[in-house]
>>> print(open('target29.cif').read())   # mmCIF, C-alpha atoms
data_model
loop_
_atom_site.label_atom_id
_atom_site.label_comp_id
_atom_site.auth_asym_id
_atom_site.auth_seq_id
_atom_site.Cartn_x
_atom_site.Cartn_y
_atom_site.Cartn_z
CA MET A 1 77.50 164.58 78.87
CA THR A 2 79.27 165.17 75.62
CA GLU A 3 77.33 165.19 72.43
CA ASN A 4 78.93 164.55 69.10
CA VAL A 5 78.58 167.53 66.81
CA HIS A 6 77.90 166.48 63.27
CA THR A 7 78.77 169.01 60.63
CA LEU A 8 78.30 169.24 56.90
CA ASP A 9 79.91 171.77 54.62
CA THR A 10 78.07 172.39 51.36
CA ARG A 11 79.64 175.75 50.58
CA GLY A 12 80.13 176.35 46.88
CA LEU A 13 77.56 173.73 45.88
CA SER A 14 74.34 174.51 44.04
CA CYS A 15 70.86 172.98 44.06
CA PRO A 16 70.16 170.12 44.60
CA LEU A 17 73.51 169.06 46.08
CA PRO A 18 73.07 170.70 49.52
CA ILE A 19 69.79 168.80 49.97
CA LEU A 20 71.18 165.50 48.71
CA LYS A 21 74.25 165.77 50.95
CA THR A 22 72.06 166.70 53.93
CA LYS A 23 69.87 163.69 53.31
CA LYS A 24 72.93 161.41 53.23
CA ALA A 25 74.50 162.96 56.33
CA ILE A 26 71.27 162.72 58.33
CA ALA A 27 70.89 159.05 57.44
CA ASN A 28 74.00 158.31 59.52
CA LEU A 29 72.66 160.07 62.62
CA ALA A 30 70.60 158.62 65.43
CA SER A 31 67.16 160.08 66.06
CA GLY A 32 67.44 163.28 68.12
CA GLU A 33 71.02 164.05 67.03
CA VAL A 34 71.78 167.40 65.47
CA LEU A 35 73.45 168.19 62.15
CA GLU A 36 75.05 171.59 61.52
CA ILE A 37 75.12 172.64 57.89
CA LYS A 38 76.99 175.40 56.15
CA ALA A 39 75.84 176.54 52.71
CA THR A 40 76.27 179.33 50.19
CA ASP A 41 73.32 178.46 47.94
CA PRO A 42 70.58 181.05 48.69
CA GLY A 43 67.96 178.51 47.57
CA SER A 44 68.98 176.19 50.39
CA VAL A 45 67.19 178.40 52.96
CA LYS A 46 63.72 177.53 51.70
CA ASP A 47 64.69 174.14 50.29
CA LEU A 48 66.03 172.82 53.59
CA ASP A 49 62.88 174.05 55.33
CA SER A 50 60.79 172.14 52.85
CA PHE A 51 63.07 169.11 53.17
CA CYS A 52 62.52 169.08 56.96
CA GLN A 53 58.76 169.38 56.59
CA GLN A 54 58.61 166.52 54.13
CA THR A 55 60.92 164.18 55.98
CA GLY A 56 59.91 164.80 59.59
CA HIS A 57 63.17 166.36 60.78
CA GLN A 58 63.22 169.56 62.82
CA MET A 59 64.84 172.79 61.73
CA ILE A 60 66.23 174.18 64.99
CA SER A 61 67.89 177.26 63.56
CA SER A 62 68.44 178.88 60.20
CA GLU A 63 70.74 181.89 60.00
CA SER A 64 71.91 184.09 57.18
CA ALA A 65 75.30 185.70 57.63
CA GLU A 66 77.61 187.58 55.31
CA ASP A 67 79.70 184.52 54.62
CA GLY A 68 76.82 182.11 54.04
CA PHE A 69 73.89 180.29 55.57
CA PHE A 70 73.97 178.20 58.72
CA PHE A 71 71.43 175.58 59.69
CA LYS A 72 70.86 173.20 62.57
CA ILE A 73 68.61 170.25 61.97
CA ARG A 74 67.51 167.70 64.55
CA LYS A 75 66.87 164.25 63.17
CA GLY A 76 63.24 163.15 63.63
CA MET B 1 4.99 156.01 68.17
CA ARG B 2 6.54 159.34 68.94
CA SER B 3 9.13 157.98 71.36
CA THR B 4 10.21 155.30 68.86
CA ALA B 5 10.90 157.96 66.24
CA THR B 6 12.98 159.93 68.69
CA VAL B 7 15.07 156.92 69.58
CA SER B 8 15.78 156.09 65.96
CA GLU B 9 16.55 159.74 65.22
CA ARG B 10 19.00 159.77 68.08
CA SER B 11 20.74 156.59 67.10
CA ASN B 12 20.93 157.86 63.55
CA GLU B 13 22.61 161.00 64.74
CA GLN B 14 25.04 158.99 66.85
CA LEU B 15 25.82 156.74 63.94
CA ASN B 16 26.51 159.75 61.73
CA GLN B 17 28.78 161.28 64.30
CA TRP B 18 30.66 158.03 64.78
CA PHE B 19 31.03 157.61 61.04
CA ASP B 20 32.30 161.17 60.49
CA GLN B 21 34.88 160.76 63.21
CA ARG B 22 36.00 157.34 62.06
CA PHE B 23 36.17 158.48 58.46
CA ALA B 24 38.34 161.50 59.36
CA GLU B 25 40.63 159.24 61.41
CA LYS B 26 40.94 156.71 58.62
CA MET B 27 41.69 159.40 56.03
CA ALA B 28 44.36 160.97 58.24
CA GLU B 29 45.90 157.54 58.82
CA GLN B 30 45.95 156.84 55.11
CA GLU B 31 47.53 160.20 54.36
CA ALA B 32 50.21 159.66 57.00
CA ASN B 33 51.11 156.27 55.54
CA HIS B 34 51.05 157.42 51.94
CA ILE B 35 54.45 157.45 50.24
CA PRO B 36 54.44 160.12 47.51
CA SER B 37 55.55 158.99 44.09
CA MET B 38 56.62 160.62 40.85
CA THR B 39 57.13 159.49 37.29
CA ILE B 40 59.11 161.47 34.75
CA ILE B 41 59.29 160.97 31.00
CA ALA B 42 62.70 162.13 29.73
CA THR B 43 62.75 162.73 25.98
CA LYS B 44 65.73 165.03 25.45
CA GLY B 45 69.39 164.13 25.14
CA THR B 46 71.12 167.48 25.40
CA LEU B 47 73.27 168.66 28.29
CA ASP B 48 70.82 171.36 29.37
CA MET B 49 67.75 169.14 29.19
CA ALA B 50 69.49 166.32 31.07
CA TYR B 51 69.38 168.37 34.24
CA PRO B 52 65.64 168.67 35.03
CA PRO B 53 64.89 164.93 35.20
CA PHE B 54 67.96 164.04 37.23
CA ILE B 55 67.68 167.03 39.59
CA LEU B 56 64.00 166.47 40.26
CA ALA B 57 64.38 162.71 40.62
CA SER B 58 67.32 162.87 43.03
CA THR B 59 65.66 165.57 45.12
CA ALA B 60 62.33 163.73 45.28
CA ALA B 61 64.18 160.60 46.35
CA ALA B 62 65.86 162.64 49.12
CA LEU B 63 62.39 163.68 50.28
CA GLY B 64 61.48 160.02 50.56
CA TRP B 65 59.43 159.74 47.37
CA GLU B 66 59.37 156.76 45.04
CA VAL B 67 60.58 157.85 41.62
CA SER B 68 60.69 156.30 38.15
CA ILE B 69 62.08 157.88 35.02
CA PHE B 70 61.07 156.58 31.60
CA PHE B 71 63.76 157.39 29.03
CA THR B 72 62.56 157.53 25.47
CA PHE B 73 63.82 158.84 22.12
CA TYR B 74 66.82 161.13 22.65
CA GLY B 75 66.33 160.85 26.39
CA LEU B 76 67.84 157.39 26.12
CA SER B 77 71.25 159.02 25.59
CA LEU B 78 71.15 159.96 29.27
CA LEU B 79 71.54 156.27 30.13
CA LYS B 80 74.60 155.62 27.98
CA GLN B 81 77.72 154.35 29.73
CA ASN B 82 79.67 157.01 27.95
CA LEU B 83 77.89 160.31 28.58
CA ASP B 84 78.86 162.77 25.89
CA LEU B 85 76.08 165.34 26.07
CA LYS B 86 76.19 168.60 24.20
CA VAL B 87 74.23 171.81 24.30
CA SER B 88 73.39 173.72 21.16
CA PRO B 89 72.58 177.41 20.83
CA LEU B 90 70.45 176.40 17.82
CA GLY B 91 66.79 176.49 18.78
CA ASN B 92 67.72 177.99 22.14
CA PRO B 93 67.44 181.75 21.53
CA ALA B 94 67.24 182.42 25.28
CA MET B 95 70.54 180.69 26.00
CA PRO B 96 72.96 183.19 27.52
CA MET B 97 76.33 183.03 25.80
CA LYS B 98 78.77 184.39 28.35
CA LEU B 99 82.45 183.63 28.49
CA PRO B 100 83.23 181.87 31.78
CA GLU B 101 86.86 182.96 31.63
CA GLY B 102 89.18 185.41 29.92
CA PRO B 103 90.31 188.97 30.58
CA SER B 104 88.07 190.86 33.00
CA TRP B 105 86.66 193.17 30.31
CA LEU B 106 85.42 190.12 28.41
CA LYS B 107 84.54 187.66 31.17
CA GLY B 108 80.83 187.35 31.90
CA LYS B 109 79.89 189.54 28.91
CA GLU B 110 77.21 188.35 26.55
CA ILE B 111 78.43 187.58 23.02
CA PRO B 112 76.52 190.07 20.83
CA MET B 113 75.42 187.66 18.11
CA PRO B 114 72.06 185.90 17.56
CA THR B 115 72.31 182.22 18.49
CA SER B 116 71.05 181.26 15.02
CA ILE B 117 74.15 182.86 13.44
CA MET B 118 76.49 181.42 16.07
CA THR B 119 75.55 177.89 15.15
CA LEU B 120 76.79 178.43 11.59
CA VAL B 121 80.33 178.87 12.88
CA PRO B 122 82.11 175.49 12.65
CA GLY B 123 82.85 174.00 16.06
CA PHE B 124 80.56 176.42 17.80
CA GLU B 125 78.49 173.71 19.44
CA ASN B 126 81.58 172.20 21.06
CA MET B 127 82.63 175.61 22.24
CA ALA B 128 79.18 176.37 23.68
CA THR B 129 79.20 172.98 25.44
CA GLY B 130 82.62 173.68 26.89
CA MET B 131 81.51 177.11 28.07
CA MET B 132 78.38 175.70 29.70
CA LYS B 133 80.32 172.95 31.47
CA LYS B 134 82.91 175.40 32.71
CA THR B 135 80.25 177.81 34.01
CA MET B 136 78.39 174.99 35.77
CA ASP B 137 81.57 173.79 37.39
CA GLN B 138 82.38 177.31 38.60
CA LYS B 139 78.91 177.69 40.11
CA GLY B 140 79.03 174.36 41.94
CA VAL B 141 76.36 172.70 39.79
CA ALA B 142 76.70 168.92 39.80
CA ARG B 143 77.80 167.08 36.66
CA ILE B 144 75.21 164.88 34.98
CA ASP B 145 77.13 161.66 35.66
CA GLN B 146 77.25 162.68 39.35
CA LEU B 147 73.50 163.34 39.52
CA ARG B 148 72.79 160.08 37.70
CA GLU B 149 74.92 158.20 40.22
CA LEU B 150 73.05 159.88 43.09
CA CYS B 151 69.74 158.83 41.52
CA ILE B 152 70.94 155.23 41.25
CA GLU B 153 72.14 155.28 44.86
CA ALA B 154 68.75 156.64 45.97
CA GLU B 155 67.02 153.79 44.12
CA VAL B 156 65.36 155.90 41.47
CA LYS B 157 64.01 153.41 38.94
CA LEU B 158 65.50 153.92 35.50
CA VAL B 159 63.23 152.54 32.80
CA ALA B 160 64.25 152.46 29.15
CA CYS B 161 62.06 152.52 26.06
CA GLN B 162 62.47 149.29 24.09
CA MET B 163 61.10 150.79 20.88
CA THR B 164 63.76 153.52 20.82
CA VAL B 165 66.60 150.98 21.00
CA ASP B 166 65.13 149.07 18.08
CA LEU B 167 64.43 152.27 16.15
CA PHE B 168 67.97 153.64 16.37
CA ASP B 169 69.69 150.22 16.34
CA TYR B 170 71.35 150.87 19.66
CA GLY B 171 73.19 148.05 21.37
CA LYS B 172 72.02 147.41 24.90
CA GLU B 173 75.66 146.96 25.94
CA ASP B 174 76.17 150.71 25.37
CA PHE B 175 73.91 151.47 28.32
CA ILE B 176 74.49 151.37 32.08
CA PRO B 177 73.59 148.06 33.75
CA GLU B 178 71.45 149.79 36.38
CA ILE B 179 68.53 150.10 33.96
CA GLU B 180 65.67 148.35 35.71
CA GLU B 181 63.77 147.24 32.63
CA TRP B 182 63.28 147.75 28.92
CA VAL B 183 59.60 148.27 28.28
CA GLY B 184 56.99 150.05 26.20
CA ALA B 185 54.31 152.62 26.89
CA ALA B 186 51.80 150.04 28.10
CA SER B 187 54.12 149.02 30.93
CA PHE B 188 54.94 152.54 31.97
CA LEU B 189 51.47 154.09 31.94
CA PRO B 190 50.00 152.05 34.81
CA ARG B 191 52.89 153.24 36.98
CA ALA B 192 52.25 156.82 35.92
CA MET B 193 48.55 156.42 36.69
CA ASN B 194 49.31 155.66 40.33
CA ALA B 195 51.87 158.44 40.78
CA ASP B 196 51.15 161.74 42.52
CA VAL B 197 53.36 163.75 40.18
CA ASN B 198 53.86 163.14 36.44
CA LEU B 199 56.32 165.18 34.42
CA PHE B 200 57.23 165.21 30.76
CA VAL B 201 60.67 166.63 30.02
#
>>> encode(input="target29.cif", output="structure tokens")
Amino acid sequence: MTENVHTLDTRGLSCPLPILKTKKAIANLASGEVLEIKATDPGSVKDLDSFCQQTGHQMISSESAEDGFFFKIRKG
Amino acid sequence: MRSTATVSERSNEQLNQWFDQRFAEKMAEQEANHIPSMTIIATKGTLDMAYPPFILASTAAALGWEVSIFFTFYGLSLLKQNLDLKVSPLGNPAMPMKLPEGPSWLKGKEIPMPTSIMTLVPGFENMATGMMKKTMDQKGVARIDQLRELCIEAEVKLVACQMTVDLFDYGKEDFIPEIEEWVGAASFLPRAMNADVNLFV
């Protein structure tokens, strides 16, 4: 079974653009599908967590690396 | 007599238990179905003060909230078709004045002059506005017209103050057509009363 990988690159963008772009990208997904997000805004770590809590999506992983932040969110 | 009292005590207790449980269920159900809402009053028309209402409104909309912004006095400038917002160092003593570009020894350095003196230099406001816009662009901060568009897309309700238009003799044709309505305080307050979050900017 192949699963489409949905990705979103928000590198270089500041608050609130990573959240707004995530919201838009997730709207196009089916429930249960996963969106991978890249970001450089340090605020996005807590903000995306809060976004998931408020909107019923699931944060599967949230990683900080040298070159940015990487998130995986499953649509609720 | 005694047994009757016991029976009624028991049924009372059962009734209380049932009510507590039902009440908790109903409250949880209501909370789960509740859509949060926010109203913002935007009163400022400068570039820096245009950000809080549009950032908060677009983000709240992304969280699934219902949002209305009431634009009044100088805040009405944020709804003009032609956005030409400026930022002034005057009255903003905390505003950092750093050059966004130039030779490395100068770039990012604070200009060592009180903002009250800076504003006396002709053309300084335009320069400060240019510097702010350049810095925002470099840091990936959205432009105001972009954020406004995102708000409109997310169905944030833009409400304009009728009195302000009359006061400053504005023409309604100068404003974006997405304005939901032109009203006064009495129309906006009931909406604010029902909102979970109310902000004055």
>>> resolve_selection(input="target29.cif", expression="the PyMOL selection byres ((chain B) within 9 of (chain A))", output="compact mmCIF listing (two decimals) with C-alpha atoms, in the coordinates of the input")
# COMPACT_ATOMS: atom_id res chain seq x y z
CA ILE B 55 67.68 167.03 39.59
CA LEU B 56 64.00 166.47 40.26
CA SER B 58 67.32 162.87 43.03
CA THR B 59 65.66 165.57 45.12
CA ALA B 61 64.18 160.60 46.35
CA ALA B 62 65.86 162.64 49.12
CA LEU B 63 62.39 163.68 50.28
CA GLY B 64 61.48 160.02 50.56
CA GLN B 138 82.38 177.31 38.60
CA LYS B 139 78.91 177.69 40.11
CA GLY B 140 79.03 174.36 41.94
CA VAL B 141 76.36 172.70 39.79
CA ALA B 142 76.70 168.92 39.80
CA LEU B 147 73.50 163.34 39.52
CA LEU B 150 73.05 159.88 43.09
>>> closest_residue(input="target29.cif", among="B:Ile69, B:Val159, B:Ile40, B:Leu47", to="Gly130 in chain B", atoms="all atoms listed in the file")
B:Leu47
>>> resolve_selection(input="target29.cif", expression="the PyMOL selection byres ((chain B and resi 158) around 7)", output="mmCIF file with C-alpha atoms, in the frame of the given file")
data_model
loop_
_atom_site.group_PDB
_atom_site.id
_atom_site.type_symbol
_atom_site.label_atom_id
_atom_site.label_comp_id
_atom_site.auth_asym_id
_atom_site.auth_seq_id
_atom_site.Cartn_x
_atom_site.Cartn_y
_atom_site.Cartn_z
ATOM 1 C CA SER B 68 60.690 156.300 38.150
ATOM 2 C CA ILE B 69 62.080 157.880 35.020
ATOM 3 C CA PHE B 70 61.070 156.580 31.600
ATOM 4 C CA VAL B 156 65.360 155.900 41.470
ATOM 5 C CA LYS B 157 64.010 153.410 38.940
ATOM 6 C CA VAL B 159 63.230 152.540 32.800
ATOM 7 C CA ALA B 160 64.250 152.460 29.150
ATOM 8 C CA ILE B 179 68.530 150.100 33.960
ATOM 9 C CA GLU B 180 65.670 148.350 35.710
#
>>> atom_distance(input="target29.cif", atom1="CA of Ile37 in chain A", atom2="CA of Ala65 in chain A")
13.1 Å
>>> atom_distance(input="target29.cif", atom1="CA of Trp182 in chain B", atom2="CA of Thr164 in chain B")
10.0 Å
>>> residues_around(input="target29.cif", residues="Pro100 in chain B", least_positions_apart="2", cutoff="12 Å", atoms="only C-alpha atoms", output="ChimeraX atom specification")
/B:96-98,102-111,127-139
>>> write_last_selection(input="target29.cif", atoms="C-alpha atoms", output="PDB file, keeping the file's coordinate frame")
ATOM      1  CA  PRO B  96      72.960 183.190  27.520  1.00  0.00           C
ATOM      2  CA  MET B  97      76.330 183.030  25.800  1.00  0.00           C
ATOM      3  CA  LYS B  98      78.770 184.390  28.350  1.00  0.00           C
ATOM      4  CA  GLY B 102      89.180 185.410  29.920  1.00  0.00           C
ATOM      5  CA  PRO B 103      90.310 188.970  30.580  1.00  0.00           C
ATOM      6  CA  SER B 104      88.070 190.860  33.000  1.00  0.00           C
ATOM      7  CA  TRP B 105      86.660 193.170  30.310  1.00  0.00           C
ATOM      8  CA  LEU B 106      85.420 190.120  28.410  1.00  0.00           C
ATOM      9  CA  LYS B 107      84.540 187.660  31.170  1.00  0.00           C
ATOM     10  CA  GLY B 108      80.830 187.350  31.900  1.00  0.00           C
ATOM     11  CA  LYS B 109      79.890 189.540  28.910  1.00  0.00           C
ATOM     12  CA  GLU B 110      77.210 188.350  26.550  1.00  0.00           C
ATOM     13  CA  ILE B 111      78.430 187.580  23.020  1.00  0.00           C
ATOM     14  CA  MET B 127      82.630 175.610  22.240  1.00  0.00           C
ATOM     15  CA  ALA B 128      79.180 176.370  23.680  1.00  0.00           C
ATOM     16  CA  THR B 129      79.200 172.980  25.440  1.00  0.00           C
ATOM     17  CA  GLY B 130      82.620 173.680  26.890  1.00  0.00           C
ATOM     18  CA  MET B 131      81.510 177.110  28.070  1.00  0.00           C
ATOM     19  CA  MET B 132      78.380 175.700  29.700  1.00  0.00           C
ATOM     20  CA  LYS B 133      80.320 172.950  31.470  1.00  0.00           C
ATOM     21  CA  LYS B 134      82.910 175.400  32.710  1.00  0.00           C
ATOM     22  CA  THR B 135      80.250 177.810  34.010  1.00  0.00           C
ATOM     23  CA  MET B 136      78.390 174.990  35.770  1.00  0.00           C
ATOM     24  CA  ASP B 137      81.570 173.790  37.390  1.00  0.00           C
ATOM     25  CA  GLN B 138      82.380 177.310  38.600  1.00  0.00           C
ATOM     26  CA  LYS B 139      78.910 177.690  40.110  1.00  0.00           C
TER      27      LYS B 139
END
>>> atom_distance(input="target29.cif", atom1="CA of Gly68 in chain A", atom2="CA of Leu29 in chain A")
24.0 Å
>>> resolve_selection(input="target29.cif", expression="the PyMOL selection byres ((chain B and resi 165) around 12)", output="list in words")
Phe71, Thr72, Phe73, Tyr74, Gly75, Leu76, Ser77, Leu79, Lys80, Ala160, Cys161, Gln162, Met163, Thr164, Asp166, Leu167, Phe168, Asp169, Tyr170, Gly171, Lys172, Glu173, Asp174, Phe175, Trp182, Val183 and Gly184 of chain B
>>> residues_around(input="target29.cif", residues="Leu199 in chain B", least_positions_apart="2", cutoff="7 Å", atoms="all atoms listed in the file", output="list of chain:residue names")
B:Thr39, B:Ile40, B:Ile41, B:Val197, B:Val201
>>> residues_around(input="target29.cif", residues="Asn28 in chain A", least_positions_apart="6", cutoff="12 Å", atoms="only C-alpha atoms", output="VMD selection string")
chain A and resid 6 to 7 21 to 22 34 to 35 75
>>> residues_around(input="target29.cif", residues="Ile73 in chain A", least_positions_apart="4", cutoff="10 Å", atoms="only C-alpha atoms", output="list in words")
Thr22, Ile26, Gly32, Glu33, Val34, Leu35, Glu36, Ile37, Leu48, Asp49, Cys52, His57, Gln58, Met59, Ile60, Ser61 and Ser62 of chain A
>>> write_last_selection(input="target29.cif", atoms="C-alpha atoms", output="PDB file, keeping the file's coordinate frame")
ATOM      1  CA  THR A  22      72.060 166.700  53.930  1.00  0.00           C
ATOM      2  CA  ILE A  26      71.270 162.720  58.330  1.00  0.00           C
ATOM      3  CA  GLY A  32      67.440 163.280  68.120  1.00  0.00           C
ATOM      4  CA  GLU A  33      71.020 164.050  67.030  1.00  0.00           C
ATOM      5  CA  VAL A  34      71.780 167.400  65.470  1.00  0.00           C
ATOM      6  CA  LEU A  35      73.450 168.190  62.150  1.00  0.00           C
ATOM      7  CA  GLU A  36      75.050 171.590  61.520  1.00  0.00           C
ATOM      8  CA  ILE A  37      75.120 172.640  57.890  1.00  0.00           C
ATOM      9  CA  LEU A  48      66.030 172.820  53.590  1.00  0.00           C
ATOM     10  CA  ASP A  49      62.880 174.050  55.330  1.00  0.00           C
ATOM     11  CA  CYS A  52      62.520 169.080  56.960  1.00  0.00           C
ATOM     12  CA  HIS A  57      63.170 166.360  60.780  1.00  0.00           C
ATOM     13  CA  GLN A  58      63.220 169.560  62.820  1.00  0.00           C
ATOM     14  CA  MET A  59      64.840 172.790  61.730  1.00  0.00           C
ATOM     15  CA  ILE A  60      66.230 174.180  64.990  1.00  0.00           C
ATOM     16  CA  SER A  61      67.890 177.260  63.560  1.00  0.00           C
ATOM     17  CA  SER A  62      68.440 178.880  60.200  1.00  0.00           C
TER      18      SER A  62
END
>>> closest_residue(input="target29.cif", among="A:Lys38, A:Ala30, A:Leu8, A:Ala25", to="Gly76 in chain A", atoms="all atoms listed in the file")
A:Ala30
>>> decode(input="target29.cif", residues="range 133-189 of chain B", atoms="C-alpha atoms", output="PDB file, in the first residue's frame")
ATOM      1  CA  LYS B 133       9.124  46.957   6.004  1.00  0.00           C
ATOM      2  CA  LYS B 134      12.537  45.787   4.877  1.00  0.00           C
ATOM      3  CA  THR B 135      13.270  44.160   8.256  1.00  0.00           C
ATOM      4  CA  MET B 136       9.885  42.424   8.299  1.00  0.00           C
ATOM      5  CA  ASP B 137      10.426  41.114   4.814  1.00  0.00           C
ATOM      6  CA  GLN B 138      13.861  39.772   5.755  1.00  0.00           C
ATOM      7  CA  LYS B 139      12.440  38.001   8.806  1.00  0.00           C
ATOM      8  CA  GLY B 140       9.600  36.364   6.879  1.00  0.00           C
ATOM      9  CA  VAL B 141       6.847  38.402   8.543  1.00  0.00           C
ATOM     10  CA  ALA B 142       3.746  38.621   6.369  1.00  0.00           C
ATOM     11  CA  ARG B 143       2.738  41.924   4.787  1.00  0.00           C
ATOM     12  CA  ILE B 144      -0.454  43.522   6.082  1.00  0.00           C
ATOM     13  CA  ASP B 145      -2.280  43.158   2.761  1.00  0.00           C
ATOM     14  CA  GLN B 146      -1.373  39.437   2.831  1.00  0.00           C
ATOM     15  CA  LEU B 147      -2.686  38.961   6.378  1.00  0.00           C
ATOM     16  CA  ARG B 148      -5.842  40.895   5.537  1.00  0.00           C
ATOM     17  CA  GLU B 149      -6.430  38.648   2.535  1.00  0.00           C
ATOM     18  CA  LEU B 150      -5.940  35.558   4.727  1.00  0.00           C
ATOM     19  CA  CYS B 151      -8.491  36.935   7.192  1.00  0.00           C
ATOM     20  CA  ILE B 152     -11.005  37.487   4.396  1.00  0.00           C
ATOM     21  CA  GLU B 153     -10.393  33.981   3.062  1.00  0.00           C
ATOM     22  CA  ALA B 154     -10.925  32.554   6.559  1.00  0.00           C
ATOM     23  CA  GLU B 155     -14.243  34.424   6.799  1.00  0.00           C
ATOM     24  CA  VAL B 156     -13.215  36.824   9.522  1.00  0.00           C
ATOM     25  CA  LYS B 157     -16.023  39.384   9.679  1.00  0.00           C
ATOM     26  CA  LEU B 158     -14.801  42.889   8.957  1.00  0.00           C
ATOM     27  CA  VAL B 159     -17.108  45.484  10.464  1.00  0.00           C
ATOM     28  CA  ALA B 160     -16.624  49.198   9.874  1.00  0.00           C
ATOM     29  CA  CYS B 161     -17.641  52.109  12.069  1.00  0.00           C
ATOM     30  CA  GLN B 162     -20.214  54.274  10.294  1.00  0.00           C
ATOM     31  CA  MET B 163     -19.566  57.295  12.511  1.00  0.00           C
ATOM     32  CA  THR B 164     -15.873  57.404  11.575  1.00  0.00           C
ATOM     33  CA  VAL B 165     -16.651  57.563   7.848  1.00  0.00           C
ATOM     34  CA  ASP B 166     -19.010  60.465   8.425  1.00  0.00           C
ATOM     35  CA  LEU B 167     -16.574  62.168  10.793  1.00  0.00           C
ATOM     36  CA  PHE B 168     -13.618  62.134   8.410  1.00  0.00           C
ATOM     37  CA  ASP B 169     -15.716  62.469   5.228  1.00  0.00           C
ATOM     38  CA  TYR B 170     -14.356  59.256   3.816  1.00  0.00           C
ATOM     39  CA  GLY B 171     -15.892  57.839   0.666  1.00  0.00           C
ATOM     40  CA  LYS B 172     -17.065  54.266   1.041  1.00  0.00           C
ATOM     41  CA  GLU B 173     -15.645  53.521  -2.412  1.00  0.00           C
ATOM     42  CA  ASP B 174     -12.137  53.930  -0.935  1.00  0.00           C
ATOM     43  CA  PHE B 175     -12.645  50.782   1.120  1.00  0.00           C
ATOM     44  CA  ILE B 176     -12.475  47.084   0.241  1.00  0.00           C
ATOM     45  CA  PRO B 177     -15.803  45.533  -0.786  1.00  0.00           C
ATOM     46  CA  GLU B 178     -15.404  42.663   1.687  1.00  0.00           C
ATOM     47  CA  ILE B 179     -16.579  44.845   4.576  1.00  0.00           C
ATOM     48  CA  GLU B 180     -19.542  42.994   6.016  1.00  0.00           C
ATOM     49  CA  GLU B 181     -21.421  45.972   7.377  1.00  0.00           C
ATOM     50  CA  TRP B 182     -21.191  49.609   8.390  1.00  0.00           C
ATOM     51  CA  VAL B 183     -22.574  49.952  11.884  1.00  0.00           C
ATOM     52  CA  GLY B 184     -22.317  51.735  15.210  1.00  0.00           C
ATOM     53  CA  ALA B 185     -21.440  50.712  18.732  1.00  0.00           C
ATOM     54  CA  ALA B 186     -24.944  49.461  19.507  1.00  0.00           C
ATOM     55  CA  SER B 187     -24.693  46.875  16.740  1.00  0.00           C
ATOM     56  CA  PHE B 188     -21.250  45.705  17.693  1.00  0.00           C
ATOM     57  CA  LEU B 189     -21.644  45.403  21.458  1.00  0.00           C
TER      58      LEU B 189
END
